[in-house]
Amino acid sequence: MRAMTYRGPYKLRVEEKDKPRIEHPNDAIVKVQLAAICGSDLHLYHGLMPDTRVGHTFGHEFIGVVDEVGPTVQNLQVGDRVMVPFNIFCGSCWFCARGLFSNCHNVNPNATAVGGIYGYSHTTGGYDGGQAEYVRVPFADVGPVKIPDWMHDEDAVLLTDAAATGYFGAQLGEIAEGDTVVVLGAGPVGLIAAQSSWLMGAGRVIVIDHLPERLEKARTMAHAETLDYDEYDDIVVEMKKQTDFLGADVVIEAVGAEADGNFLQHVAGAKLKLQGGSPVALNWAIDGVRKGGTVSVVGAYGPIPNAVKFGDALNKGLTLRMNQTPVKRQWPRMFEHVRNGHLTPRAMVTHRFPLEDISEAYHVFSAKLDGCIKPLIVPGAS
Amino acid sequence: MTEQDIPSAYVRDKRTPPPSREELRARIPGWGADLDPADRPSYPKLQYPADAGAHWDFPDRQPGSQGRERSIEHAFVTPAFGTAQPLHGLSGAIRRFAYQRFSEGRNAHWLLLIVGDRVDAWGAHLRSFATLHPDNPVTETGVLSEFTASGTERSGRSDRRHQVIDPLLVAGPWVAGAGAAFLGVRRAVRAVRG
């Protein structure tokens, strides 16, 4: 089969690999119809995630058709069209039994601090991902869901991670009616977090980024006020001014480990790998939220330490809430929101690349060329 | 500054109340649909028992776990695991040492894995030159999209602040490798010539 393969930092290609096979009795093999590149894939692409092996196939956002099932699979049949949460989870461990599907203890032998994720290095279990023609889906009775007839494929693929993570980020903020919510990052996760903040009763939503097309999308799609941090000498001071010197009630950090906005932090973390990434946005969140407020972190960080201003978080009495999203837990309610138009994931899609052009897709997305907000990958397209 | 101008942070209540429910509902599709925390799927954080569709108490064990690297914070290799890219060669030895010797709580664990990644990448690059499909830094970096996706003329691109350092980071190791190869060959030629 054709599959994207990692060749080292900033380098990847499409090559022939063996088609995946059933390795566990509850596995399924899914023929991928549509995949996406996630902003967190860029951390792998840039060499930030430990134990990212040459030959690895990325991709944790994908939908497809069941091609083969293992002997114990009861809930899926060959031919079913399915959307697959980015989490791999067993459904029965201590953590899954309590709804922490993203923290499953039975799927990732390489680490206990993170669950299993498709195509996200061996630190998350060593599973090849969905930027390929076929993918192995463990615990097929637990993770995948048949795509409802009414759902658009592009909504379905975005619900497997980016949209679900934005919605989850707003929940972690514990938004109360009338709260002022600041969302850091107007990428796909931040845009849905902004939309979701309204659903949870926010009185004001402000999105901060520096890319004009993303800020425009935040205004039109998420009805948010926007701030371009490039226009201010110190965006934290502006956040204070905007909130009558209180700070935001809730800040949702939807950027993660490669934040821009501070040259030294970015070069030290994202480029030279002297720390586990660039925690600029996280520090802005801690500084910009009000005392006693809540910081919700859904931007992706790896396991290597970062220079985070923890003392400020302590002294301000903040509540810090975070996790990888337990995607499937979000779906029933999110399906309602997508169906009635309250959440509009596919409005974020700007680019569709054939699998064979995936090197260009990563570069365009990484450098944010051509107004790219969300690129999809279409196996078999030319 | 008059008393009325003193910002909210210094007085009991916010000076500007939020818009009314009616105003927000008129302006924002779906405003307040999840106002009740009970409508939020991740509230409360722990939900027991959460039914995910598992029809087992403990999953079947995937065959082939013997020798599979694992975190020493795990009691055993988990019942399901990825089998992509098994450990091999020098990078595999470095990674196996990182897993066997250091827990996830030790920086050495992660830094050794990063070292293993770089050794793996360099080894793969060198091996590729002995194949019919050598690594190609032009096609594999997708850099040609700079010309097809308006990269050169785009002013708002995310990497403009650190653009200067990017070519150094991407091309630097290749230049250094070529330099080392040149010096090595020159030394070998001089040794042969006596």
# chains A, B, ... in the order shown; residues from 1 in each chain; ligands from 1
call {"tool": "select_by_dssp", "arguments": {"residues": "chain B", "states": "helix (DSSP H, G or I)", "output": "ChimeraX atom specification"}}
result
/B:3-5,8-10,21-27,37-39,89-101,107-128,137-141,145-148,165-193
call {"tool": "closest_atom_pairs", "arguments": {"of": "chain B", "to": "chain A", "cutoff": "6 Å", "atoms": "only C-alpha atoms", "output": "Markdown table"}}
result
| residue | atom | partner | partner_atom | distance |
| --- | --- | --- | --- | --- |
| B:Pro7 | CA | A:Asp244 | CA | 5.2 |
| B:Ser8 | CA | A:Asp244 | CA | 5.5 |
| B:Ala9 | CA | A:Leu246 | CA | 4.6 |
| B:Pro18 | CA | A:Gly203 | CA | 5.2 |
| B:Pro29 | CA | A:His342 | CA | 5.6 |
| B:Gly30 | CA | A:His342 | CA | 5.3 |
| B:Trp31 | CA | A:Leu199 | CA | 4.6 |
| B:Gly32 | CA | A:Leu199 | CA | 4.5 |
| B:Ala33 | CA | A:Leu199 | CA | 5.0 |
| B:Asp34 | CA | A:Met200 | CA | 4.6 |
| B:Leu35 | CA | A:Met200 | CA | 4.4 |
| B:Pro41 | CA | A:Gln330 | CA | 5.5 |
| B:Leu46 | CA | A:Arg98 | CA | 5.1 |
| B:Gln47 | CA | A:Arg98 | CA | 4.8 |
| B:Tyr48 | CA | A:Arg98 | CA | 4.6 |
| B:Pro49 | CA | A:Ala97 | CA | 5.3 |
| B:Ala50 | CA | A:Ala97 | CA | 5.1 |
| B:Ala52 | CA | A:Gly91 | CA | 5.2 |
| B:Gly53 | CA | A:Val142 | CA | 5.0 |
| B:Ala54 | CA | A:Gly91 | CA | 5.2 |
| B:Gln62 | CA | A:His24 | CA | 4.9 |
| B:Arg70 | CA | A:Asn110 | CA | 4.6 |
| B:Ser71 | CA | A:Asn110 | CA | 4.9 |
| B:Val77 | CA | A:Pro109 | CA | 5.2 |
| B:Thr78 | CA | A:Asn106 | CA | 4.9 |
| B:Pro79 | CA | A:Asn106 | CA | 5.8 |
| B:Ala80 | CA | A:Val107 | CA | 4.9 |
| B:Phe81 | CA | A:Val107 | CA | 5.5 |
| B:Gly82 | CA | A:Tyr127 | CA | 4.2 |
| B:Ala84 | CA | A:Gly126 | CA | 5.8 |
| B:Leu113 | CA | A:Asp51 | CA | 5.3 |
| B:Ile114 | CA | A:Pro50 | CA | 5.0 |
| B:Asp117 | CA | A:Asp51 | CA | 5.9 |
| B:Ala121 | CA | A:Gly8 | CA | 5.0 |
| B:Glu140 | CA | A:Lys11 | CA | 4.8 |
| B:Thr141 | CA | A:Lys11 | CA | 4.8 |
| B:Gly142 | CA | A:Glu360 | CA | 4.0 |
| B:Ser145 | CA | A:Glu360 | CA | 5.6 |
| B:Ala149 | CA | A:Asp370 | CA | 5.2 |
| B:Gly151 | CA | A:Leu369 | CA | 5.6 |
| B:Gly156 | CA | A:Leu211 | CA | 5.9 |
| B:Arg157 | CA | A:Lys368 | CA | 5.6 |
| B:Ser158 | CA | A:Ala367 | CA | 5.6 |
| B:Asp159 | CA | A:Ala367 | CA | 5.8 |
call {"tool": "write_last_selection", "arguments": {"atoms": "C-alpha atoms", "output": "JSON list (two decimals), in the first residue's frame"}}
result
[["chain", "number", "residue", "atom", "x", "y", "z"],
["B", 7, "PRO", "CA", -11.14, 49.65, 36.57],
["B", 8, "SER", "CA", -13.16, 46.60, 37.61],
["B", 9, "ALA", "CA", -10.18, 44.84, 39.12],
["B", 18, "PRO", "CA", -22.13, 40.82, 30.12],
["B", 29, "PRO", "CA", -26.02, 30.37, 17.01],
["B", 30, "GLY", "CA", -26.60, 27.97, 19.86],
["B", 31, "TRP", "CA", -25.55, 30.32, 22.64],
["B", 32, "GLY", "CA", -26.06, 28.68, 26.02],
["B", 33, "ALA", "CA", -26.96, 25.24, 24.63],
["B", 34, "ASP", "CA", -24.49, 23.69, 27.07],
["B", 35, "LEU", "CA", -24.96, 26.24, 29.83],
["B", 41, "PRO", "CA", -19.95, 15.46, 28.09],
["B", 46, "LEU", "CA", -14.61, 10.89, 36.25],
["B", 47, "GLN", "CA", -17.72, 8.97, 35.19],
["B", 48, "TYR", "CA", -17.99, 5.47, 36.56],
["B", 49, "PRO", "CA", -18.81, 3.13, 34.99],
["B", 50, "ALA", "CA", -18.23, 4.53, 31.52],
["B", 52, "ALA", "CA", -17.21, 2.10, 25.91],
["B", 53, "GLY", "CA", -18.39, -1.17, 24.39],
["B", 54, "ALA", "CA", -15.74, -3.48, 25.83],
["B", 62, "GLN", "CA", -1.67, -9.58, 21.52],
["B", 70, "ARG", "CA", 8.37, -1.05, 27.50],
["B", 71, "SER", "CA", 8.46, 1.67, 30.09],
["B", 77, "VAL", "CA", 3.91, -5.11, 27.97],
["B", 78, "THR", "CA", 0.33, -3.94, 27.51],
["B", 79, "PRO", "CA", -2.27, -6.32, 25.99],
["B", 80, "ALA", "CA", -2.22, -4.33, 22.75],
["B", 81, "PHE", "CA", 0.80, -2.58, 21.32],
["B", 82, "GLY", "CA", 2.14, -1.18, 18.08],
["B", 84, "ALA", "CA", 5.58, -0.61, 13.55],
["B", 113, "LEU", "CA", 15.36, 8.65, 22.90],
["B", 114, "ILE", "CA", 16.01, 11.92, 21.07],
["B", 117, "ASP", "CA", 16.00, 9.45, 16.79],
["B", 121, "ALA", "CA", 17.63, 9.43, 10.85],
["B", 140, "GLU", "CA", 11.08, 15.23, 0.95],
["B", 141, "THR", "CA", 10.92, 18.66, 2.56],
["B", 142, "GLY", "CA", 8.16, 19.84, 0.22],
["B", 145, "SER", "CA", 5.61, 24.47, -2.45],
["B", 149, "ALA", "CA", 1.78, 28.19, -2.66],
["B", 151, "GLY", "CA", 5.48, 31.15, -0.08],
["B", 156, "GLY", "CA", 2.06, 36.82, 7.26],
["B", 157, "ARG", "CA", 3.71, 33.40, 7.24],
["B", 158, "SER", "CA", 4.23, 31.92, 10.65],
["B", 159, "ASP", "CA", 7.92, 31.27, 10.32]]
call {"tool": "atom_distance", "arguments": {"atom1": "CA of Ala176 (chain B)", "atom2": "CA of Gly89 (chain B)"}}
result
23.2 Å
call {"tool": "atom_distance", "arguments": {"atom1": "CA of Leu111 (chain B)", "atom2": "CA of Leu314 (chain A)"}}
result
28.6 Å
call {"tool": "atom_distance", "arguments": {"atom1": "CA of Lys217 (chain A)", "atom2": "CA of Ala347 (chain A)"}}
result
8.9 Å
call {"tool": "closest_residue", "arguments": {"among": "A:Ala248, A:Leu184, A:Met239, A:Met151", "to": "Leu282 (chain A)", "atoms": "only C-alpha atoms"}}
result
A:Leu184
call {"tool": "select_by_dssp", "arguments": {"residues": "region 4-216 of chain A", "states": "strand (DSSP E or B)", "output": "number ranges by chain"}}
result
A: 4-8, 11-16, 28-36, 61-69, 81-84, 87-88, 116-117, 132, 134-137, 145-146, 180-184, 204-209
call {"tool": "write_last_selection", "arguments": {"atoms": "C-alpha atoms", "output": "PDB file, in the first residue's frame"}}
result
ATOM      1  CA  MET A   4       3.438   8.563   4.231  1.00  0.00           C
ATOM      2  CA  THR A   5       6.724   7.701   5.948  1.00  0.00           C
ATOM      3  CA  TYR A   6       8.934   9.834   8.188  1.00  0.00           C
ATOM      4  CA  ARG A   7      12.581  10.192   7.111  1.00  0.00           C
ATOM      5  CA  GLY A   8      13.865  12.533   9.830  1.00  0.00           C
ATOM      6  CA  LYS A  11      11.603  15.190   5.742  1.00  0.00           C
ATOM      7  CA  LEU A  12       9.046  12.624   4.700  1.00  0.00           C
ATOM      8  CA  ARG A  13       7.947  10.768   1.603  1.00  0.00           C
ATOM      9  CA  VAL A  14       5.299   8.416   0.301  1.00  0.00           C
ATOM     10  CA  GLU A  15       6.414   4.852  -0.274  1.00  0.00           C
ATOM     11  CA  GLU A  16       5.180   1.285  -0.536  1.00  0.00           C
ATOM     12  CA  ALA A  28      -9.930  -4.101  12.393  1.00  0.00           C
ATOM     13  CA  ILE A  29      -8.196  -2.967   9.237  1.00  0.00           C
ATOM     14  CA  VAL A  30      -9.663   0.234   7.830  1.00  0.00           C
ATOM     15  CA  LYS A  31      -9.236   1.459   4.256  1.00  0.00           C
ATOM     16  CA  VAL A  32      -8.689   5.186   4.678  1.00  0.00           C
ATOM     17  CA  GLN A  33     -10.986   7.472   2.693  1.00  0.00           C
ATOM     18  CA  LEU A  34     -10.001  10.792   4.180  1.00  0.00           C
ATOM     19  CA  ALA A  35      -7.308  11.881   6.615  1.00  0.00           C
ATOM     20  CA  ALA A  36      -6.075  15.172   7.994  1.00  0.00           C
ATOM     21  CA  GLU A  61      -7.353  12.000  12.164  1.00  0.00           C
ATOM     22  CA  PHE A  62      -8.974   9.693   9.609  1.00  0.00           C
ATOM     23  CA  ILE A  63     -12.175   8.040   8.459  1.00  0.00           C
ATOM     24  CA  GLY A  64     -12.609   5.043   6.210  1.00  0.00           C
ATOM     25  CA  VAL A  65     -14.245   1.728   5.386  1.00  0.00           C
ATOM     26  CA  VAL A  66     -13.775  -1.441   7.417  1.00  0.00           C
ATOM     27  CA  ASP A  67     -11.777  -3.810   5.230  1.00  0.00           C
ATOM     28  CA  GLU A  68     -11.171  -6.687   7.648  1.00  0.00           C
ATOM     29  CA  VAL A  69     -12.118  -7.566  11.236  1.00  0.00           C
ATOM     30  CA  ARG A  81     -17.936   3.443   7.080  1.00  0.00           C
ATOM     31  CA  VAL A  82     -16.338   4.521  10.330  1.00  0.00           C
ATOM     32  CA  MET A  83     -14.831   7.528  12.057  1.00  0.00           C
ATOM     33  CA  VAL A  84     -12.012   6.614  14.410  1.00  0.00           C
ATOM     34  CA  ASN A  87      -7.230   7.733  21.027  1.00  0.00           C
ATOM     35  CA  ILE A  88      -6.528   4.016  21.014  1.00  0.00           C
ATOM     36  CA  GLY A 116      -2.236   5.250  22.746  1.00  0.00           C
ATOM     37  CA  ILE A 117      -2.460   7.462  19.667  1.00  0.00           C
ATOM     38  CA  ALA A 132      -1.926   5.881   4.286  1.00  0.00           C
ATOM     39  CA  TYR A 134      -4.879   1.298   5.176  1.00  0.00           C
ATOM     40  CA  VAL A 135      -4.516   1.439   8.946  1.00  0.00           C
ATOM     41  CA  ARG A 136      -4.735  -1.064  11.786  1.00  0.00           C
ATOM     42  CA  VAL A 137      -7.422  -0.102  14.323  1.00  0.00           C
ATOM     43  CA  VAL A 145     -18.259   4.651  15.321  1.00  0.00           C
ATOM     44  CA  LYS A 146     -20.267   4.263  12.101  1.00  0.00           C
ATOM     45  CA  THR A 180     -14.890  36.482  29.413  1.00  0.00           C
ATOM     46  CA  VAL A 181     -13.005  33.732  27.591  1.00  0.00           C
ATOM     47  CA  VAL A 182      -9.704  34.251  25.795  1.00  0.00           C
ATOM     48  CA  VAL A 183      -8.668  31.608  23.286  1.00  0.00           C
ATOM     49  CA  LEU A 184      -4.981  31.548  22.409  1.00  0.00           C
ATOM     50  CA  ARG A 204     -17.408  37.539  25.586  1.00  0.00           C
ATOM     51  CA  VAL A 205     -14.932  35.523  23.486  1.00  0.00           C
ATOM     52  CA  ILE A 206     -11.585  36.962  22.384  1.00  0.00           C
ATOM     53  CA  VAL A 207      -9.266  35.002  20.062  1.00  0.00           C
ATOM     54  CA  ILE A 208      -5.559  35.847  19.865  1.00  0.00           C
ATOM     55  CA  ASP A 209      -3.264  34.883  16.987  1.00  0.00           C
TER      56      ASP A 209
END
call {"tool": "closest_residue", "arguments": {"among": "A:Gly288, A:Gly317, A:Pro354, A:Gly169", "to": "Asp234 (chain A)", "atoms": "only C-alpha atoms"}}
result
A:Gly288
call {"tool": "closest_residue", "arguments": {"among": "A:Gln275, A:Asn315, A:Asn306, A:Gln131", "to": "Asp287 (chain A)", "atoms": "only C-alpha atoms"}}
result
A:Asn315
